[in-house]
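See below for query-v1.cif, which holds mmCIF, N, CA and C atoms; chains and numbers go by the auth columns.
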```
data_coords
loop_
_atom_site.group_PDB
_atom_site.id
_atom_site.type_symbol
_atom_site.label_atom_id
_atom_site.label_comp_id
_atom_site.label_asym_id
_atom_site.label_seq_id
_atom_site.Cartn_x
_atom_site.Cartn_y
_atom_site.Cartn_z
_atom_site.B_iso_or_equiv
_atom_site.auth_seq_id
_atom_site.auth_asym_id
ATOM 1 N N MET A 1 147.289 131.829 83.650 0.00 1 U
ATOM 2 C CA MET A 1 146.698 132.965 84.326 0.00 1 U
ATOM 3 C C MET A 1 145.174 132.836 84.285 0.00 1 U
ATOM 4 N N GLU A 2 144.520 133.088 85.397 0.00 2 U
ATOM 5 C CA GLU A 2 143.071 132.974 85.480 0.00 2 U
ATOM 6 C C GLU A 2 142.410 134.149 84.767 0.00 2 U
ATOM 7 N N LYS A 3 141.338 133.849 84.023 0.00 3 U
ATOM 8 C CA LYS A 3 140.606 134.895 83.324 0.00 3 U
ATOM 9 C C LYS A 3 139.840 135.757 84.314 0.00 3 U
ATOM 10 N N GLU A 4 139.688 137.015 83.959 0.00 4 U
ATOM 11 C CA GLU A 4 138.907 137.964 84.753 0.00 4 U
ATOM 12 C C GLU A 4 137.439 137.524 84.752 0.00 4 U
ATOM 13 N N LYS A 5 136.788 137.609 85.902 0.00 5 U
ATOM 14 C CA LYS A 5 135.384 137.228 86.007 0.00 5 U
ATOM 15 C C LYS A 5 134.511 138.242 85.273 0.00 5 U
ATOM 16 N N ILE A 6 133.510 137.723 84.560 0.00 6 U
ATOM 17 C CA ILE A 6 132.536 138.556 83.867 0.00 6 U
ATOM 18 C C ILE A 6 131.181 138.297 84.512 0.00 6 U
ATOM 19 N N ILE A 7 130.533 139.363 84.953 0.00 7 U
ATOM 20 C CA ILE A 7 129.214 139.279 85.559 0.00 7 U
ATOM 21 C C ILE A 7 128.177 139.507 84.467 0.00 7 U
ATOM 22 N N ILE A 8 127.218 138.602 84.356 0.00 8 U
ATOM 23 C CA ILE A 8 126.116 138.772 83.417 0.00 8 U
ATOM 24 C C ILE A 8 124.858 139.027 84.236 0.00 8 U
ATOM 25 N N LEU A 9 124.241 140.189 84.031 0.00 9 U
ATOM 26 C CA LEU A 9 123.022 140.549 84.743 0.00 9 U
ATOM 27 C C LEU A 9 121.816 140.086 83.927 0.00 9 U
ATOM 28 N N THR A 10 120.927 139.354 84.586 0.00 10 U
ATOM 29 C CA THR A 10 119.769 138.776 83.917 0.00 10 U
ATOM 30 C C THR A 10 118.499 139.073 84.702 0.00 10 U
ATOM 31 N N GLU A 11 117.376 138.639 84.137 0.00 11 U
ATOM 32 C CA GLU A 11 116.076 138.810 84.778 0.00 11 U
ATOM 33 C C GLU A 11 115.191 137.682 84.262 0.00 11 U
ATOM 34 N N PRO A 12 114.362 137.059 85.115 0.00 12 U
ATOM 35 C CA PRO A 12 113.607 135.868 84.722 0.00 12 U
ATOM 36 C C PRO A 12 112.720 136.003 83.483 0.00 12 U
ATOM 37 N N SER A 13 112.110 137.158 83.246 0.00 13 U
ATOM 38 C CA SER A 13 111.207 137.291 82.103 0.00 13 U
ATOM 39 C C SER A 13 111.918 137.734 80.820 0.00 13 U
ATOM 40 N N CYS A 14 113.212 137.796 80.837 0.00 14 U
ATOM 41 C CA CYS A 14 114.009 138.263 79.696 0.00 14 U
ATOM 42 C C CYS A 14 114.348 137.086 78.777 0.00 14 U
ATOM 43 N N GLU A 15 113.764 137.089 77.557 0.00 15 U
ATOM 44 C CA GLU A 15 114.032 136.004 76.615 0.00 15 U
ATOM 45 C C GLU A 15 115.484 135.994 76.151 0.00 15 U
ATOM 46 N N GLY A 16 116.054 137.173 75.934 0.00 16 U
ATOM 47 C CA GLY A 16 117.450 137.261 75.518 0.00 16 U
ATOM 48 C C GLY A 16 118.395 136.703 76.577 0.00 16 U
ATOM 49 N N CYS A 17 117.984 136.809 77.834 0.00 17 U
ATOM 50 C CA CYS A 17 118.801 136.282 78.936 0.00 17 U
ATOM 51 C C CYS A 17 118.911 134.761 78.828 0.00 17 U
ATOM 52 N N ASP A 18 117.812 134.109 78.478 0.00 18 U
ATOM 53 C CA ASP A 18 117.838 132.651 78.324 0.00 18 U
ATOM 54 C C ASP A 18 118.800 132.239 77.222 0.00 18 U
ATOM 55 N N PHE A 19 118.798 132.975 76.111 0.00 19 U
ATOM 56 C CA PHE A 19 119.707 132.689 75.002 0.00 19 U
ATOM 57 C C PHE A 19 121.162 132.822 75.458 0.00 19 U
ATOM 58 N N VAL A 20 121.459 133.910 76.160 0.00 20 U
ATOM 59 C CA VAL A 20 122.828 134.146 76.640 0.00 20 U
ATOM 60 C C VAL A 20 123.232 133.049 77.618 0.00 20 U
ATOM 61 N N LYS A 21 122.341 132.667 78.520 0.00 21 U
ATOM 62 C CA LYS A 21 122.647 131.600 79.481 0.00 21 U
ATOM 63 C C LYS A 21 122.962 130.291 78.768 0.00 21 U
ATOM 64 N N GLN A 22 122.187 129.957 77.748 0.00 22 U
ATOM 65 C CA GLN A 22 122.429 128.719 77.001 0.00 22 U
ATOM 66 C C GLN A 22 123.785 128.745 76.313 0.00 22 U
ATOM 67 N N LYS A 23 124.121 129.874 75.699 0.00 23 U
ATOM 68 C CA LYS A 23 125.392 129.992 74.966 0.00 23 U
ATOM 69 C C LYS A 23 126.606 129.959 75.896 0.00 23 U
ATOM 70 N N LEU A 24 126.441 130.487 77.119 0.00 24 U
ATOM 71 C CA LEU A 24 127.597 130.638 78.007 0.00 24 U
ATOM 72 C C LEU A 24 127.607 129.648 79.168 0.00 24 U
ATOM 73 N N GLU A 25 126.655 128.754 79.199 0.00 25 U
ATOM 74 C CA GLU A 25 126.571 127.776 80.283 0.00 25 U
ATOM 75 C C GLU A 25 127.880 126.984 80.412 0.00 25 U
ATOM 76 N N GLY A 26 128.381 126.906 81.631 0.00 26 U
ATOM 77 C CA GLY A 26 129.585 126.127 81.903 0.00 26 U
ATOM 78 C C GLY A 26 130.897 126.878 81.758 0.00 26 U
ATOM 79 N N LYS A 27 130.853 128.131 81.298 0.00 27 U
ATOM 80 C CA LYS A 27 132.091 128.921 81.177 0.00 27 U
ATOM 81 C C LYS A 27 132.579 129.287 82.580 0.00 27 U
ATOM 82 N N GLN A 28 133.827 129.011 82.852 0.00 28 U
ATOM 83 C CA GLN A 28 134.394 129.193 84.192 0.00 28 U
ATOM 84 C C GLN A 28 134.428 130.648 84.653 0.00 28 U
ATOM 85 N N ASN A 29 134.633 131.589 83.746 0.00 29 U
ATOM 86 C CA ASN A 29 134.801 132.987 84.156 0.00 29 U
ATOM 87 C C ASN A 29 133.498 133.784 84.115 0.00 29 U
ATOM 88 N N ILE A 30 132.367 133.120 83.817 0.00 30 U
ATOM 89 C CA ILE A 30 131.072 133.793 83.718 0.00 30 U
ATOM 90 C C ILE A 30 130.262 133.542 84.987 0.00 30 U
ATOM 91 N N HIS A 31 129.711 134.613 85.552 0.00 31 U
ATOM 92 C CA HIS A 31 128.867 134.498 86.747 0.00 31 U
ATOM 93 C C HIS A 31 127.556 135.226 86.467 0.00 31 U
ATOM 94 N N PHE A 32 126.443 134.504 86.494 0.00 32 U
ATOM 95 C CA PHE A 32 125.124 135.083 86.247 0.00 32 U
ATOM 96 C C PHE A 32 124.514 135.577 87.554 0.00 32 U
ATOM 97 N N ILE A 33 123.933 136.771 87.515 0.00 33 U
ATOM 98 C CA ILE A 33 123.246 137.319 88.677 0.00 33 U
ATOM 99 C C ILE A 33 121.910 137.905 88.209 0.00 33 U
ATOM 100 N N ASP A 34 120.841 137.469 88.848 0.00 34 U
ATOM 101 C CA ASP A 34 119.514 138.019 88.592 0.00 34 U
ATOM 102 C C ASP A 34 119.468 139.428 89.177 0.00 34 U
ATOM 103 N N ILE A 35 118.927 140.394 88.429 0.00 35 U
ATOM 104 C CA ILE A 35 118.915 141.775 88.916 0.00 35 U
ATOM 105 C C ILE A 35 118.034 141.955 90.150 0.00 35 U
ATOM 106 N N ASN A 36 117.182 140.974 90.451 0.00 36 U
ATOM 107 C CA ASN A 36 116.351 141.029 91.659 0.00 36 U
ATOM 108 C C ASN A 36 117.096 140.525 92.893 0.00 36 U
ATOM 109 N N ASN A 37 118.265 139.937 92.696 0.00 37 U
ATOM 110 C CA ASN A 37 119.097 139.440 93.782 0.00 37 U
ATOM 111 C C ASN A 37 119.809 140.641 94.429 0.00 37 U
ATOM 112 N N PRO A 38 119.812 140.738 95.750 0.00 38 U
ATOM 113 C CA PRO A 38 120.496 141.865 96.403 0.00 38 U
ATOM 114 C C PRO A 38 121.966 142.013 95.979 0.00 38 U
ATOM 115 N N GLU A 39 122.623 140.918 95.632 0.00 39 U
ATOM 116 C CA GLU A 39 124.030 140.970 95.182 0.00 39 U
ATOM 117 C C GLU A 39 124.185 141.828 93.929 0.00 39 U
ATOM 118 N N ALA A 40 123.143 141.902 93.102 0.00 40 U
ATOM 119 C CA ALA A 40 123.211 142.672 91.854 0.00 40 U
ATOM 120 C C ALA A 40 123.379 144.161 92.119 0.00 40 U
ATOM 121 N N GLY A 41 122.956 144.624 93.292 0.00 41 U
ATOM 122 C CA GLY A 41 123.047 146.042 93.619 0.00 41 U
ATOM 123 C C GLY A 41 124.435 146.632 93.475 0.00 41 U
ATOM 124 N N LYS A 42 125.453 145.838 93.742 0.00 42 U
ATOM 125 C CA LYS A 42 126.811 146.389 93.631 0.00 42 U
ATOM 126 C C LYS A 42 127.277 146.534 92.181 0.00 42 U
ATOM 127 N N TYR A 43 126.514 145.981 91.229 0.00 43 U
ATOM 128 C CA TYR A 43 126.870 146.082 89.813 0.00 43 U
ATOM 129 C C TYR A 43 125.961 147.030 89.037 0.00 43 U
ATOM 130 N N ILE A 44 124.851 147.442 89.643 0.00 44 U
ATOM 131 C CA ILE A 44 123.905 148.337 88.984 0.00 44 U
ATOM 132 C C ILE A 44 124.195 149.759 89.447 0.00 44 U
ATOM 133 N N LYS A 45 124.508 150.643 88.501 0.00 45 U
ATOM 134 C CA LYS A 45 124.945 151.988 88.850 0.00 45 U
ATOM 135 C C LYS A 45 123.852 153.040 88.760 0.00 45 U
ATOM 136 N N GLU A 46 122.702 152.688 88.194 0.00 46 U
ATOM 137 C CA GLU A 46 121.640 153.676 88.045 0.00 46 U
ATOM 138 C C GLU A 46 120.285 153.000 88.188 0.00 46 U
ATOM 139 N N ASP A 47 119.221 153.786 88.063 0.00 47 U
ATOM 140 C CA ASP A 47 117.873 153.268 88.269 0.00 47 U
ATOM 141 C C ASP A 47 117.415 152.287 87.199 0.00 47 U
ATOM 142 N N SER A 48 117.854 152.467 85.974 0.00 48 U
ATOM 143 C CA SER A 48 117.431 151.563 84.903 0.00 48 U
ATOM 144 C C SER A 48 118.618 150.721 84.433 0.00 48 U
ATOM 145 N N ILE A 49 118.294 149.527 83.958 0.00 49 U
ATOM 146 C CA ILE A 49 119.345 148.633 83.489 0.00 49 U
ATOM 147 C C ILE A 49 118.823 147.837 82.305 0.00 49 U
ATOM 148 N N ILE A 50 119.691 147.566 81.361 0.00 50 U
ATOM 149 C CA ILE A 50 119.362 146.732 80.215 0.00 50 U
ATOM 150 C C ILE A 50 119.767 145.307 80.568 0.00 50 U
ATOM 151 N N VAL A 51 118.863 144.361 80.320 0.00 51 U
ATOM 152 C CA VAL A 51 119.221 142.957 80.513 0.00 51 U
ATOM 153 C C VAL A 51 119.024 142.209 79.202 0.00 51 U
ATOM 154 N N PRO A 52 119.862 141.274 78.863 0.00 52 U
ATOM 155 C CA PRO A 52 121.082 140.968 79.608 0.00 52 U
ATOM 156 C C PRO A 52 122.148 142.028 79.341 0.00 52 U
ATOM 157 N N SER A 53 122.968 142.246 80.325 0.00 53 U
ATOM 158 C CA SER A 53 124.137 143.107 80.180 0.00 53 U
ATOM 159 C C SER A 53 125.253 142.497 81.017 0.00 53 U
ATOM 160 N N ALA A 54 126.431 143.081 80.907 0.00 54 U
ATOM 161 C CA ALA A 54 127.579 142.499 81.593 0.00 54 U
ATOM 162 C C ALA A 54 128.340 143.575 82.355 0.00 54 U
ATOM 163 N N VAL A 55 129.156 143.114 83.284 0.00 55 U
ATOM 164 C CA VAL A 55 130.093 143.978 83.985 0.00 55 U
ATOM 165 C C VAL A 55 131.449 143.287 83.905 0.00 55 U
ATOM 166 N N TYR A 56 132.439 144.020 83.389 0.00 56 U
ATOM 167 C CA TYR A 56 133.781 143.462 83.223 0.00 56 U
ATOM 168 C C TYR A 56 134.792 144.483 83.728 0.00 56 U
ATOM 169 N N LYS A 57 135.578 144.092 84.700 0.00 57 U
ATOM 170 C CA LYS A 57 136.578 144.978 85.313 0.00 57 U
ATOM 171 C C LYS A 57 135.943 146.297 85.768 0.00 57 U
ATOM 172 N N GLY A 58 134.727 146.202 86.319 0.00 58 U
ATOM 173 C CA GLY A 58 134.032 147.368 86.836 0.00 58 U
ATOM 174 C C GLY A 58 133.293 148.198 85.802 0.00 58 U
ATOM 175 N N ALA A 59 133.446 147.875 84.520 0.00 59 U
ATOM 176 C CA ALA A 59 132.789 148.643 83.461 0.00 59 U
ATOM 177 C C ALA A 59 131.495 147.958 83.030 0.00 59 U
ATOM 178 N N ARG A 60 130.479 148.766 82.764 0.00 60 U
ATOM 179 C CA ARG A 60 129.223 148.240 82.231 0.00 60 U
ATOM 180 C C ARG A 60 129.409 147.916 80.753 0.00 60 U
ATOM 181 N N CYS A 61 128.788 146.825 80.314 0.00 61 U
ATOM 182 C CA CYS A 61 128.957 146.372 78.939 0.00 61 U
ATOM 183 C C CYS A 61 127.622 145.944 78.351 0.00 61 U
ATOM 184 N N LEU A 62 127.441 146.220 77.077 0.00 62 U
ATOM 185 C CA LEU A 62 126.286 145.721 76.349 0.00 62 U
ATOM 186 C C LEU A 62 126.682 144.407 75.685 0.00 62 U
ATOM 187 N N ILE A 63 125.788 143.440 75.719 0.00 63 U
ATOM 188 C CA ILE A 63 126.051 142.148 75.092 0.00 63 U
ATOM 189 C C ILE A 63 125.479 142.176 73.684 0.00 63 U
ATOM 190 N N LYS A 64 126.311 141.818 72.719 0.00 64 U
ATOM 191 C CA LYS A 64 125.897 141.825 71.320 0.00 64 U
ATOM 192 C C LYS A 64 126.255 140.496 70.678 0.00 64 U
ATOM 193 N N LEU A 65 125.486 140.138 69.658 0.00 65 U
ATOM 194 C CA LEU A 65 125.755 138.948 68.872 0.00 65 U
ATOM 195 C C LEU A 65 126.459 139.407 67.601 0.00 65 U
ATOM 196 N N ASP A 66 127.689 138.951 67.404 0.00 66 U
ATOM 197 C CA ASP A 66 128.502 139.369 66.262 0.00 66 U
ATOM 198 C C ASP A 66 128.988 138.121 65.533 0.00 66 U
ATOM 199 N N ASN A 67 128.491 137.906 64.330 0.00 67 U
ATOM 200 C CA ASN A 67 128.840 136.705 63.550 0.00 67 U
ATOM 201 C C ASN A 67 128.594 135.422 64.334 0.00 67 U
ATOM 202 N N GLY A 68 127.477 135.377 65.050 0.00 68 U
ATOM 203 C CA GLY A 68 127.097 134.184 65.792 0.00 68 U
ATOM 204 C C GLY A 68 127.794 134.007 67.126 0.00 68 U
ATOM 205 N N LYS A 69 128.644 134.955 67.520 0.00 69 U
ATOM 206 C CA LYS A 69 129.378 134.872 68.787 0.00 69 U
ATOM 207 C C LYS A 69 128.973 136.026 69.694 0.00 69 U
ATOM 208 N N LEU A 70 128.842 135.743 70.978 0.00 70 U
ATOM 209 C CA LEU A 70 128.490 136.779 71.948 0.00 70 U
ATOM 210 C C LEU A 70 129.727 137.583 72.344 0.00 70 U
ATOM 211 N N LYS A 71 129.569 138.897 72.317 0.00 71 U
ATOM 212 C CA LYS A 71 130.638 139.811 72.725 0.00 71 U
ATOM 213 C C LYS A 71 130.056 140.843 73.675 0.00 71 U
ATOM 214 N N ALA A 72 130.892 141.349 74.554 0.00 72 U
ATOM 215 C CA ALA A 72 130.510 142.434 75.447 0.00 72 U
ATOM 216 C C ALA A 72 131.291 143.671 75.030 0.00 72 U
ATOM 217 N N GLU A 73 130.558 144.707 74.670 0.00 73 U
ATOM 218 C CA GLU A 73 131.174 145.986 74.323 0.00 73 U
ATOM 219 C C GLU A 73 131.010 146.900 75.525 0.00 73 U
ATOM 220 N N CYS A 74 132.134 147.278 76.117 0.00 74 U
ATOM 221 C CA CYS A 74 132.111 147.960 77.411 0.00 74 U
ATOM 222 C C CYS A 74 132.295 149.469 77.293 0.00 74 U
ATOM 223 N N GLU A 75 131.785 150.166 78.308 0.00 75 U
ATOM 224 C CA GLU A 75 131.842 151.629 78.324 0.00 75 U
ATOM 225 C C GLU A 75 133.273 152.153 78.378 0.00 75 U
ATOM 226 N N ASN A 76 134.216 151.315 78.782 0.00 76 U
ATOM 227 C CA ASN A 76 135.624 151.753 78.846 0.00 76 U
ATOM 228 C C ASN A 76 136.363 151.489 77.532 0.00 76 U
ATOM 229 N N GLY A 77 135.608 151.028 76.503 0.00 77 U
ATOM 230 C CA GLY A 77 136.202 150.799 75.191 0.00 77 U
ATOM 231 C C GLY A 77 136.667 149.381 74.938 0.00 77 U
ATOM 232 N N SER A 78 136.668 148.550 75.974 0.00 78 U
ATOM 233 C CA SER A 78 137.122 147.175 75.767 0.00 78 U
ATOM 234 C C SER A 78 135.991 146.329 75.162 0.00 78 U
ATOM 235 N N VAL A 79 136.393 145.320 74.393 0.00 79 U
ATOM 236 C CA VAL A 79 135.460 144.368 73.813 0.00 79 U
ATOM 237 C C VAL A 79 135.912 142.981 74.276 0.00 79 U
ATOM 238 N N VAL A 80 134.982 142.232 74.850 0.00 80 U
ATOM 239 C CA VAL A 80 135.298 140.923 75.416 0.00 80 U
ATOM 240 C C VAL A 80 134.540 139.854 74.640 0.00 80 U
ATOM 241 N N ASN A 81 135.275 138.871 74.126 0.00 81 U
ATOM 242 C CA ASN A 81 134.653 137.726 73.473 0.00 81 U
ATOM 243 C C ASN A 81 134.177 136.787 74.577 0.00 81 U
ATOM 244 N N LEU A 82 132.877 136.735 74.800 0.00 82 U
ATOM 245 C CA LEU A 82 132.341 135.985 75.928 0.00 82 U
ATOM 246 C C LEU A 82 132.435 134.478 75.760 0.00 82 U
ATOM 247 N N GLU A 83 132.526 134.004 74.534 0.00 83 U
ATOM 248 C CA GLU A 83 132.542 132.554 74.304 0.00 83 U
ATOM 249 C C GLU A 83 133.941 131.964 74.258 0.00 83 U
ATOM 250 N N ASP A 84 134.971 132.780 74.417 0.00 84 U
ATOM 251 C CA ASP A 84 136.359 132.269 74.412 0.00 84 U
ATOM 252 C C ASP A 84 136.726 131.651 75.731 0.00 84 U
#
```

Could you spell out this file's structure in structure tokens?
Amino acid sequence: MEKEKIIILTEPSCEGCDFVKQKLEGKQNIHFIDINNPEAGKYIKEDSIIVPSAVYKGARCLIKLDNGKLKAECENGSVVNLED
């Protein structure tokens, strides 16, 4: 079964974004979108956004480092191990 796509929202001047990109580079289910890209508009729900952040199954998620592994903690209560 194919994994659900995870959108990672980034921005060029964001140092944390570079770290996340390095850790997740090459993952098949990860798609990076710069928040300045018009495509990002469909994932941004309000005027302000934290970068890097994620969108998983339509839910906004905060990216956290937990025991050296990146996880997305989502507003719908789900937690996604981004490096799996």

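Around stretch 29-34 of chain U, within 6.5 Å and counting only N, CA and C atoms, the residues found are Lys3, Glu4, Lys5, Ile6, Ile7, Ile8, Leu9, Thr10, Glu11, Pro12 and Ala40 of chain U, once anything fewer than 5 positions away on its own chain is removed.
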
inquiry  = One number please: atom CA of U:Ala59 to atom CA of U:Phe19, in Å, one decimal.
reply    =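 Between these atoms lies a distance of 22.3 Å.
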
Expected answer as a count of residues only: helix (DSSP H, G or I) residues in chain U = 15

message = DSSP on the backbone: which residues in chain U end up as strand (DSSP E)? Give the answer as an MDAnalysis selection string.
response = chainID U and resid 6:10 30:34 53:56 59:66 69:74 79:81

Mind telling me what the PyMOL selection byres ((chain U and resi 73) around 7) catches here, as an mmCIF file with N, CA and C atoms, in the frame of the given file?
```cif
data_model
loop_
_atom_site.group_PDB
_atom_site.id
_atom_site.type_symbol
_atom_site.label_atom_id
_atom_site.label_comp_id
_atom_site.auth_asym_id
_atom_site.auth_seq_id
_atom_site.Cartn_x
_atom_site.Cartn_y
_atom_site.Cartn_z
ATOM 1 N N ARG U 60 130.479 148.766 82.764
ATOM 2 C CA ARG U 60 129.223 148.240 82.231
ATOM 3 C C ARG U 60 129.409 147.916 80.753
ATOM 4 N N CYS U 61 128.788 146.825 80.314
ATOM 5 C CA CYS U 61 128.957 146.372 78.939
ATOM 6 C C CYS U 61 127.622 145.944 78.351
ATOM 7 N N LEU U 62 127.441 146.220 77.077
ATOM 8 C CA LEU U 62 126.286 145.721 76.349
ATOM 9 C C LEU U 62 126.682 144.407 75.685
ATOM 10 N N ILE U 63 125.788 143.440 75.719
ATOM 11 C CA ILE U 63 126.051 142.148 75.092
ATOM 12 C C ILE U 63 125.479 142.176 73.684
ATOM 13 N N LYS U 64 126.311 141.818 72.719
ATOM 14 C CA LYS U 64 125.897 141.825 71.320
ATOM 15 C C LYS U 64 126.255 140.496 70.678
ATOM 16 N N LYS U 71 129.569 138.897 72.317
ATOM 17 C CA LYS U 71 130.638 139.811 72.725
ATOM 18 C C LYS U 71 130.056 140.843 73.675
ATOM 19 N N ALA U 72 130.892 141.349 74.554
ATOM 20 C CA ALA U 72 130.510 142.434 75.447
ATOM 21 C C ALA U 72 131.291 143.671 75.030
ATOM 22 N N CYS U 74 132.134 147.278 76.117
ATOM 23 C CA CYS U 74 132.111 147.960 77.411
ATOM 24 C C CYS U 74 132.295 149.469 77.293
ATOM 25 N N GLU U 75 131.785 150.166 78.308
ATOM 26 C CA GLU U 75 131.842 151.629 78.324
ATOM 27 C C GLU U 75 133.273 152.153 78.378
ATOM 28 N N ASN U 76 134.216 151.315 78.782
ATOM 29 C CA ASN U 76 135.624 151.753 78.846
ATOM 30 C C ASN U 76 136.363 151.489 77.532
ATOM 31 N N GLY U 77 135.608 151.028 76.503
ATOM 32 C CA GLY U 77 136.202 150.799 75.191
ATOM 33 C C GLY U 77 136.667 149.381 74.938
ATOM 34 N N SER U 78 136.668 148.550 75.974
ATOM 35 C CA SER U 78 137.122 147.175 75.767
ATOM 36 C C SER U 78 135.991 146.329 75.162
ATOM 37 N N VAL U 79 136.393 145.320 74.393
ATOM 38 C CA VAL U 79 135.460 144.368 73.813
ATOM 39 C C VAL U 79 135.912 142.981 74.276
ATOM 40 N N VAL U 80 134.982 142.232 74.850
ATOM 41 C CA VAL U 80 135.298 140.923 75.416
ATOM 42 C C VAL U 80 134.540 139.854 74.640
#
```

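With atom C of U:Tyr43 on one side and atom N of U:Gly58 on the other, the separation reads 9.2 Å.
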
key: Separation of atom C of U:Lys42 from atom CA of U:Gly68 in Å   =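 According to the coordinates, atom CA of U:Gly68 and atom C of U:Lys42 are separated by 29.1 Å.
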
task = Point out the residue among U:Glu15, U:Glu83, U:Glu25, U:Asp66 with the least atom-to-atom distance to U:Pro52, counting all atoms listed in the file.
result =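 Using all atoms listed in the file, U:Pro52 sits closest to U:Glu15.
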